[in-house]
Each structure stands twice: as C-alpha cells, then as structure tokens.
file target.txt (compact mmCIF, C-alpha atoms)
# COMPACT_ATOMS: atom_id res chain seq x y z
CA MET A 1 45.02 79.73 88.12
CA SER A 2 46.07 80.16 91.71
CA SER A 3 45.30 77.84 94.48
CA LYS A 4 46.22 77.56 98.09
CA PHE A 5 47.59 74.12 97.27
CA PHE A 6 50.16 75.46 94.83
CA LYS A 7 51.47 78.35 96.87
CA LYS A 8 54.94 78.05 98.21
CA LYS A 9 54.90 77.17 101.83
CA LYS A 10 56.52 79.77 104.05
CA THR A 11 58.95 78.46 106.55
CA SER A 12 59.96 80.33 109.61
CA LYS A 13 63.63 80.38 110.29
CA SER A 14 64.75 81.52 113.65
CA TYR A 15 68.33 82.53 113.95
CA VAL A 16 69.82 82.30 117.36
CA ILE A 17 72.60 84.71 117.98
CA LYS A 18 74.76 83.33 120.70
CA LYS A 19 76.07 86.01 122.97
CA THR A 20 79.74 85.44 123.60
CA GLU A 21 80.91 85.41 127.16
CA VAL A 22 83.74 87.74 128.06
CA LEU A 23 86.48 85.99 129.98
CA SER A 24 87.37 87.91 133.12
CA VAL A 25 90.91 89.00 133.84
CA ASN A 26 91.02 86.46 136.66
CA SER A 27 89.75 83.67 134.41
CA GLN A 28 92.40 84.48 131.78
CA LEU A 29 95.12 84.49 134.45
CA GLU A 30 93.96 81.17 135.92
CA ARG A 31 94.07 79.57 132.45
CA LEU A 32 97.58 80.91 131.93
CA LYS A 33 98.76 79.65 135.32
CA SER A 34 97.40 76.17 134.64
CA SER A 35 99.23 76.01 131.29
CA PHE A 36 102.40 77.78 132.48
CA PRO A 37 102.87 76.97 136.17
CA ASN A 38 106.26 78.72 136.22
CA LEU A 39 105.01 82.05 134.93
CA GLU A 40 105.99 85.14 136.89
CA ILE A 41 103.16 87.41 137.99
CA ILE A 42 104.38 91.01 138.06
CA GLU A 43 100.99 92.57 138.82
CA SER A 44 97.49 91.22 139.20
CA THR A 45 94.28 93.13 139.97
CA LYS A 46 90.63 92.64 139.04
CA LEU A 47 91.13 94.87 136.00
CA ARG A 48 94.56 93.92 134.68
CA PHE A 49 97.51 91.61 134.93
CA GLU A 50 101.12 91.68 133.85
CA ILE A 51 103.04 88.42 133.61
CA ILE A 52 106.25 87.03 132.15
CA LEU A 53 106.47 83.53 130.77
CA LYS A 54 108.98 81.63 128.71
CA LEU A 55 108.28 80.55 125.13
CA ARG A 56 110.31 78.30 122.86
CA PRO A 57 108.94 78.58 119.31
CA HIS A 58 110.66 75.44 118.05
CA ILE A 59 112.45 72.50 119.61
CA PHE A 60 115.77 73.85 118.30
CA SER A 61 115.06 77.43 119.39
CA ARG A 62 116.10 79.04 122.60
CA GLU A 63 113.65 80.34 125.19
CA TYR A 64 112.38 83.90 125.11
CA ASP A 65 110.93 85.88 128.00
CA VAL A 66 107.54 87.16 126.92
CA LYS A 67 105.67 89.81 128.90
CA ILE A 68 101.90 89.85 128.52
CA ILE A 69 99.80 92.75 129.75
CA HIS A 70 96.04 92.29 129.74
CA GLU A 71 93.80 95.25 130.56
CA ARG A 72 90.57 96.81 129.34
CA GLY A 73 89.87 94.10 126.80
CA SER A 74 93.22 94.28 125.05
CA VAL A 75 96.46 92.37 125.25
CA SER A 76 99.97 93.70 124.66
CA VAL A 77 102.93 91.37 124.17
CA PHE A 78 106.60 92.28 124.58
CA ILE A 79 109.85 90.38 124.27
CA VAL A 80 111.77 91.30 127.43
CA ASN A 81 115.08 90.78 129.22
CA GLU A 82 117.11 91.02 126.03
CA LYS A 83 117.57 93.23 123.00
CA LEU A 84 116.43 91.32 119.92
CA LYS A 85 118.91 91.29 117.05
CA ILE A 86 118.20 92.96 113.72
CA ALA A 87 118.72 91.12 110.43
CA GLN A 88 121.81 92.30 108.52
CA ASN A 89 119.93 93.97 105.68
CA ARG A 90 117.27 95.63 107.90
CA ASN A 91 117.18 98.57 110.28
CA LYS A 92 114.36 97.62 112.67
CA LEU A 93 112.39 94.66 113.93
CA PRO A 94 109.71 93.24 111.65
CA HIS A 95 106.02 93.40 112.39
CA VAL A 96 106.10 95.24 115.71
CA TRP A 97 103.98 98.01 117.24
CA ASN A 98 107.00 99.51 118.96
CA ASN A 99 110.57 98.72 117.96
CA GLU A 100 112.23 100.09 121.12
CA GLU A 101 109.86 98.36 123.53
CA GLN A 102 109.85 95.21 121.36
CA LYS A 103 106.06 95.20 121.43
CA ILE A 104 105.23 92.59 118.86
CA CYS A 105 102.21 92.73 116.56
CA LEU A 106 100.01 89.67 116.82
CA TYR A 107 96.67 91.08 115.74
CA SER A 108 95.29 94.31 114.39
CA LYS A 109 93.51 96.40 117.00
CA ASP A 110 90.98 97.71 114.48
CA GLY A 111 90.70 94.54 112.39
CA GLY A 112 90.49 92.45 115.51
CA LYS A 113 91.37 88.80 115.54
CA TRP A 114 91.40 88.81 119.32
CA SER A 115 88.67 89.83 121.72
CA SER A 116 88.11 89.30 125.42
CA ASP A 117 85.84 86.32 124.78
CA LYS A 118 88.86 84.37 123.50
CA SER A 119 91.34 82.60 125.71
CA ILE A 120 94.83 84.10 125.74
CA VAL A 121 96.25 80.59 126.13
CA SER A 122 94.68 79.39 122.89
CA THR A 123 95.24 82.55 120.81
CA ILE A 124 97.86 85.03 122.00
CA ILE A 125 100.35 82.40 123.21
CA PRO A 126 100.42 80.41 119.93
CA TRP A 127 100.55 83.68 117.94
CA ALA A 128 103.50 84.93 120.00
CA SER A 129 105.28 81.63 119.52
CA GLU A 130 104.63 81.81 115.79
CA TRP A 131 105.95 85.40 115.70
CA LEU A 132 109.16 84.23 117.39
CA TYR A 133 109.48 81.36 114.91
CA TYR A 134 109.25 83.75 111.95
CA TYR A 135 111.56 86.20 113.70
CA GLU A 136 114.30 83.53 113.84
CA ILE A 137 113.88 82.87 110.10
CA TRP A 138 113.88 86.64 109.43
CA LEU A 139 117.28 86.90 111.15
CA ILE A 140 118.74 84.60 108.49
CA ASP A 141 117.58 86.36 105.32
CA GLY A 142 115.79 89.58 106.35
CA ASN A 143 112.49 88.53 104.73
CA TRP A 144 109.41 88.54 106.96
CA ASN A 145 107.36 85.48 106.07
CA GLY A 146 104.99 85.71 109.02
CA GLY A 147 102.24 87.54 107.16
CA GLY A 148 100.23 90.37 108.62
CA HIS A 149 99.21 93.73 107.26
CA ASP A 150 101.00 96.52 105.43
CA GLU A 151 101.53 98.87 108.36
CA TYR A 152 105.27 98.18 108.37
CA SER A 153 106.51 100.12 105.39
CA ASN A 154 110.23 99.52 105.89
CA GLU A 155 109.90 95.90 104.78
CA ASN A 156 108.18 96.78 101.49
CA GLU A 157 110.29 99.89 100.80
CA GLU A 158 113.58 98.09 101.33
CA LYS A 159 112.52 95.21 99.07
CA ASN A 160 111.61 97.70 96.33
CA GLU A 161 114.98 99.47 96.70
CA GLU A 162 116.80 96.15 96.24
CA LYS A 163 115.02 95.57 92.91
CA ILE A 164 116.08 98.92 91.45

call {"tool": "encode", "arguments": {"input": "target.txt", "output": "structure tokens"}}
result
Amino acid sequence: MSSKFFKKKKTSKSYVIKKTEVLSVNSQLERLKSSFPNLEIIESTKLRFEIILKLRPHIFSREYDVKIIHERGSVSVFIVNEKLKIAQNRNKLPHVWNNEEQKICLYSKDGGKWSSDKSIVSTIIPWASEWLYYYEIWLIDGNWNGGGHDEYSNENEEKNEEKI
C-alpha cells in the first residue's frame, strides 16, 4: 500500500561552489613586503616579480638568501649567493628541480599544492623554510627526510646500492 504520507520526502540540497580569487602579482608582493620589510626587489612589473629575502629555518641555523620569482601563476624558488654543500655520501642536492641553479622543489607543478589564489607568504615561505631545515639535517647523514615525490631517483638508487 502506497500513500503520499509514507513517501520519503525529497530535500533539495544546493551546493555553493565558491570561486577562489586569484591574488594579483602586486597583492602577493605587498603581502611579502609587509612580512619581510627588508626584502630586496630585483624586478617588479604587473605580470611578474623577482625578489630576494633572508630565511632562517631554525633559531640555530644561519640565514639563507632565497630568490622568489612569481610569474604567470607559478612560483620558482632558488637559494642564491652561495653554493650549497652536498652531503658526503651524495652527489647532488636533494629534492630540487635544478641542481646547478639550486632551484628547490616545494610543490609539484602537475600535482599542485600551490595556486595563485594562495598567499606566497603563508605557503611558499614556510615551505622554503622547511626545505632548508631538512637540507641542514640531510647534510649530516645524507638522508632526505623532507618528504615529497619520487622524481629524484638518486636518493632511492643510492640507498638501494648501500643495502647490497
């Protein structure tokens, strides 16, 4: 027996998809300047900026010069003004996009943890500081504990060779 009183009541659910707001290059730069008043601006246009700021990953660490280039919705981060050391049992820097340029890997371009709707101050800067923290530990024992993805085969290959 079916009755209109026993039918399941349909509810209408409306899902609101919030459109994320892209932060302009100028907005990103202003946020950086307010957090790092001593940063050095190398270049600044409506479409891109290039800056250098100092980061100290830990109270007992030294300062590193970090160059940040923001253009076309992507951010590149480099350690500049010095050649980073290599751990004794390794032959290149860990978790980098480019060993010679010291372009460090903070997020995967295709997997995307960063997008232009996110503040560089609250994402890229802490990630760069964390990378430097794990780099200093890596110098001691040659083991990269900073996580990431498997695009850096030398770490895994060398560990396997040591076990043989």

call {"tool": "residues_around", "arguments": {"input": "target.txt", "residues": "region 23-39 of chain A", "least_positions_apart": "2", "cutoff": "8 Å", "atoms": "only C-alpha atoms", "output": "MDAnalysis selection string"}}
result
chainID A and resid 21 41 46:49 51:54 70:71 116:121

call {"tool": "closest_residue", "arguments": {"input": "target.txt", "among": "A:Val80, A:Ile124, A:Leu139, A:Val75", "to": "Glu63 (chain A)", "atoms": "only C-alpha atoms"}}
result
A:Val80

call {"tool": "closest_residue", "arguments": {"input": "target.txt", "among": "A:Asn81, A:Ser76, A:Asn145, A:Thr123", "to": "Trp97 (chain A)", "atoms": "only C-alpha atoms"}}
result
A:Ser76

call {"tool": "atom_distance", "arguments": {"input": "target.txt", "atom1": "CA of Lys67 (chain A)", "atom2": "CA of Glu50 (chain A)"}}
result
7.0 Å

call {"tool": "closest_residue", "arguments": {"input": "target.txt", "among": "A:Tyr134, A:Tyr64, A:Trp127, A:Trp144", "to": "Leu84 (chain A)", "atoms": "all atoms listed in the file"}}
result
A:Tyr64

call {"tool": "atom_distance", "arguments": {"input": "target.txt", "atom1": "CA of Tyr135 (chain A)", "atom2": "CA of Leu106 (chain A)"}}
result
12.5 Å

call {"tool": "atom_distance", "arguments": {"input": "target.txt", "atom1": "CA of Glu100 (chain A)", "atom2": "CA of Ser61 (chain A)"}}
result
22.9 Å

call {"tool": "residues_near_point", "arguments": {"input": "target.txt", "point": "(99.2, 87.6, 114.7)", "cutoff": "9 Å", "atoms": "all atoms listed in the file", "output": "list in words"}}
result
Ile104, Cys105, Leu106, Tyr107, Ser108, Lys113, Thr123, Ile124, Pro126, Trp127, Ala128, Glu130, Trp131, Gly146, Gly147 and Gly148 of chain A

call {"tool": "axis_aligned_box", "arguments": {"input": "target.txt", "around": "region 35-41 of chain A", "padding_each_side": "4 Å", "output": "lines of an AutoDock Vina configuration file"}}
result
center_x = 102.7
center_y = 81.7
center_z = 134.6
size_x = 15.0
size_y = 19.4
size_z = 14.7

call {"tool": "closest_residue", "arguments": {"input": "target.txt", "among": "A:Ile42, A:Ile68, A:Ser115, A:Ile79", "to": "Asn99 (chain A)", "atoms": "only C-alpha atoms"}}
result
A:Ile79

call {"tool": "closest_residue", "arguments": {"input": "target.txt", "among": "A:Leu132, A:Val66, A:Val22, A:Leu55", "to": "His95 (chain A)", "atoms": "only C-alpha atoms"}}
result
A:Leu132

call {"tool": "closest_residue", "arguments": {"input": "target.txt", "among": "A:Arg62, A:Phe78, A:Trp114, A:Glu101", "to": "Glu136 (chain A)", "atoms": "all atoms listed in the file"}}
result
A:Arg62

call {"tool": "build_atoms", "arguments": {"input": "target.txt", "residues": "region 123-134 of chain A", "atoms": "all heavy atoms", "output": "PDB file, in the coordinates of the input"}}
result
ATOM      1  N   THR A 123      95.073  81.609 121.928  1.00  0.00           N
ATOM      2  CA  THR A 123      95.240  82.550 120.810  1.00  0.00           C
ATOM      3  C   THR A 123      96.567  83.295 120.911  1.00  0.00           C
ATOM      4  O   THR A 123      97.468  83.061 120.115  1.00  0.00           O
ATOM      5  CB  THR A 123      94.074  83.562 120.769  1.00  0.00           C
ATOM      6  OG1 THR A 123      93.973  84.226 122.035  1.00  0.00           O
ATOM      7  CG2 THR A 123      92.756  82.899 120.428  1.00  0.00           C
ATOM      8  N   ILE A 124      96.697  84.164 121.875  1.00  0.00           N
ATOM      9  CA  ILE A 124      97.860  85.030 122.000  1.00  0.00           C
ATOM     10  C   ILE A 124      99.156  84.221 122.149  1.00  0.00           C
ATOM     11  O   ILE A 124     100.160  84.526 121.496  1.00  0.00           O
ATOM     12  CB  ILE A 124      97.698  86.014 123.182  1.00  0.00           C
ATOM     13  CG1 ILE A 124      96.490  86.942 122.950  1.00  0.00           C
ATOM     14  CG2 ILE A 124      98.975  86.796 123.436  1.00  0.00           C
ATOM     15  CD1 ILE A 124      96.607  87.869 121.769  1.00  0.00           C
ATOM     16  N   ILE A 125      99.133  83.192 122.985  1.00  0.00           N
ATOM     17  CA  ILE A 125     100.350  82.400 123.210  1.00  0.00           C
ATOM     18  C   ILE A 125     100.819  81.716 121.922  1.00  0.00           C
ATOM     19  O   ILE A 125     101.985  81.845 121.541  1.00  0.00           O
ATOM     20  CB  ILE A 125     100.149  81.369 124.353  1.00  0.00           C
ATOM     21  CG1 ILE A 125      99.822  82.083 125.660  1.00  0.00           C
ATOM     22  CG2 ILE A 125     101.356  80.466 124.479  1.00  0.00           C
ATOM     23  CD1 ILE A 125     100.892  82.994 126.201  1.00  0.00           C
ATOM     24  N   PRO A 126      99.945  81.000 121.197  1.00  0.00           N
ATOM     25  CA  PRO A 126     100.420  80.410 119.930  1.00  0.00           C
ATOM     26  C   PRO A 126     100.852  81.472 118.914  1.00  0.00           C
ATOM     27  O   PRO A 126     101.812  81.259 118.172  1.00  0.00           O
ATOM     28  CB  PRO A 126      99.215  79.624 119.413  1.00  0.00           C
ATOM     29  CG  PRO A 126      98.327  79.435 120.569  1.00  0.00           C
ATOM     30  CD  PRO A 126      98.595  80.548 121.523  1.00  0.00           C
ATOM     31  N   TRP A 127     100.171  82.615 118.877  1.00  0.00           N
ATOM     32  CA  TRP A 127     100.550  83.680 117.940  1.00  0.00           C
ATOM     33  C   TRP A 127     101.915  84.245 118.293  1.00  0.00           C
ATOM     34  O   TRP A 127     102.718  84.524 117.404  1.00  0.00           O
ATOM     35  CB  TRP A 127      99.510  84.788 117.932  1.00  0.00           C
ATOM     36  CG  TRP A 127      98.146  84.378 117.452  1.00  0.00           C
ATOM     37  CD1 TRP A 127      97.817  83.240 116.754  1.00  0.00           C
ATOM     38  CD2 TRP A 127      96.930  85.081 117.636  1.00  0.00           C
ATOM     39  NE1 TRP A 127      96.474  83.209 116.499  1.00  0.00           N
ATOM     40  CE2 TRP A 127      95.894  84.328 117.025  1.00  0.00           C
ATOM     41  CE3 TRP A 127      96.604  86.283 118.261  1.00  0.00           C
ATOM     42  CZ2 TRP A 127      94.572  84.738 117.014  1.00  0.00           C
ATOM     43  CZ3 TRP A 127      95.270  86.702 118.251  1.00  0.00           C
ATOM     44  CH2 TRP A 127      94.280  85.933 117.630  1.00  0.00           C
ATOM     45  N   ALA A 128     102.192  84.416 119.579  1.00  0.00           N
ATOM     46  CA  ALA A 128     103.500  84.930 120.000  1.00  0.00           C
ATOM     47  C   ALA A 128     104.599  83.924 119.664  1.00  0.00           C
ATOM     48  O   ALA A 128     105.675  84.295 119.196  1.00  0.00           O
ATOM     49  CB  ALA A 128     103.502  85.225 121.504  1.00  0.00           C
ATOM     50  N   SER A 129     104.316  82.665 119.868  1.00  0.00           N
ATOM     51  CA  SER A 129     105.280  81.630 119.520  1.00  0.00           C
ATOM     52  C   SER A 129     105.545  81.604 118.020  1.00  0.00           C
ATOM     53  O   SER A 129     106.688  81.480 117.568  1.00  0.00           O
ATOM     54  CB  SER A 129     104.760  80.268 120.002  1.00  0.00           C
ATOM     55  OG  SER A 129     105.727  79.273 119.809  1.00  0.00           O
ATOM     56  N   GLU A 130     104.491  81.761 117.241  1.00  0.00           N
ATOM     57  CA  GLU A 130     104.630  81.810 115.790  1.00  0.00           C
ATOM     58  C   GLU A 130     105.439  83.045 115.365  1.00  0.00           C
ATOM     59  O   GLU A 130     106.290  82.973 114.476  1.00  0.00           O
ATOM     60  CB  GLU A 130     103.253  81.823 115.134  1.00  0.00           C
ATOM     61  CG  GLU A 130     103.298  81.788 113.625  1.00  0.00           C
ATOM     62  CD  GLU A 130     101.907  81.764 113.011  1.00  0.00           C
ATOM     63  OE1 GLU A 130     100.961  82.350 113.595  1.00  0.00           O
ATOM     64  OE2 GLU A 130     101.770  81.163 111.936  1.00  0.00           O
ATOM     65  N   TRP A 131     105.191  84.189 116.002  1.00  0.00           N
ATOM     66  CA  TRP A 131     105.950  85.400 115.700  1.00  0.00           C
ATOM     67  C   TRP A 131     107.436  85.147 115.947  1.00  0.00           C
ATOM     68  O   TRP A 131     108.278  85.513 115.118  1.00  0.00           O
ATOM     69  CB  TRP A 131     105.459  86.577 116.553  1.00  0.00           C
ATOM     70  CG  TRP A 131     106.058  87.889 116.151  1.00  0.00           C
ATOM     71  CD1 TRP A 131     105.497  88.823 115.344  1.00  0.00           C
ATOM     72  CD2 TRP A 131     107.347  88.419 116.524  1.00  0.00           C
ATOM     73  NE1 TRP A 131     106.351  89.899 115.186  1.00  0.00           N
ATOM     74  CE2 TRP A 131     107.498  89.671 115.910  1.00  0.00           C
ATOM     75  CE3 TRP A 131     108.385  87.950 117.317  1.00  0.00           C
ATOM     76  CZ2 TRP A 131     108.643  90.454 116.059  1.00  0.00           C
ATOM     77  CZ3 TRP A 131     109.534  88.729 117.464  1.00  0.00           C
ATOM     78  CH2 TRP A 131     109.644  89.980 116.842  1.00  0.00           C
ATOM     79  N   LEU A 132     107.755  84.528 117.069  1.00  0.00           N
ATOM     80  CA  LEU A 132     109.160  84.230 117.390  1.00  0.00           C
ATOM     81  C   LEU A 132     109.774  83.266 116.379  1.00  0.00           C
ATOM     82  O   LEU A 132     110.941  83.406 115.999  1.00  0.00           O
ATOM     83  CB  LEU A 132     109.283  83.671 118.806  1.00  0.00           C
ATOM     84  CG  LEU A 132     109.035  84.691 119.916  1.00  0.00           C
ATOM     85  CD1 LEU A 132     108.818  83.977 121.248  1.00  0.00           C
ATOM     86  CD2 LEU A 132     110.191  85.679 120.003  1.00  0.00           C
ATOM     87  N   TYR A 133     109.007  82.302 115.935  1.00  0.00           N
ATOM     88  CA  TYR A 133     109.480  81.360 114.910  1.00  0.00           C
ATOM     89  C   TYR A 133     109.862  82.104 113.635  1.00  0.00           C
ATOM     90  O   TYR A 133     110.948  81.928 113.086  1.00  0.00           O
ATOM     91  CB  TYR A 133     108.378  80.324 114.637  1.00  0.00           C
ATOM     92  CG  TYR A 133     108.669  79.418 113.474  1.00  0.00           C
ATOM     93  CD1 TYR A 133     109.526  78.329 113.616  1.00  0.00           C
ATOM     94  CD2 TYR A 133     108.087  79.647 112.230  1.00  0.00           C
ATOM     95  CE1 TYR A 133     109.797  77.495 112.542  1.00  0.00           C
ATOM     96  CE2 TYR A 133     108.353  78.817 111.154  1.00  0.00           C
ATOM     97  CZ  TYR A 133     109.211  77.745 111.321  1.00  0.00           C
ATOM     98  OH  TYR A 133     109.471  76.927 110.252  1.00  0.00           O
ATOM     99  N   TYR A 134     108.961  82.990 113.166  1.00  0.00           N
ATOM    100  CA  TYR A 134     109.250  83.750 111.950  1.00  0.00           C
ATOM    101  C   TYR A 134     110.351  84.787 112.174  1.00  0.00           C
ATOM    102  O   TYR A 134     111.103  85.095 111.250  1.00  0.00           O
ATOM    103  CB  TYR A 134     107.982  84.396 111.394  1.00  0.00           C
ATOM    104  CG  TYR A 134     107.106  83.384 110.696  1.00  0.00           C
ATOM    105  CD1 TYR A 134     105.879  83.022 111.233  1.00  0.00           C
ATOM    106  CD2 TYR A 134     107.524  82.774 109.519  1.00  0.00           C
ATOM    107  CE1 TYR A 134     105.090  82.077 110.598  1.00  0.00           C
ATOM    108  CE2 TYR A 134     106.744  81.835 108.881  1.00  0.00           C
ATOM    109  CZ  TYR A 134     105.523  81.486 109.420  1.00  0.00           C
ATOM    110  OH  TYR A 134     104.752  80.552 108.797  1.00  0.00           O
TER     111      TYR A 134
END
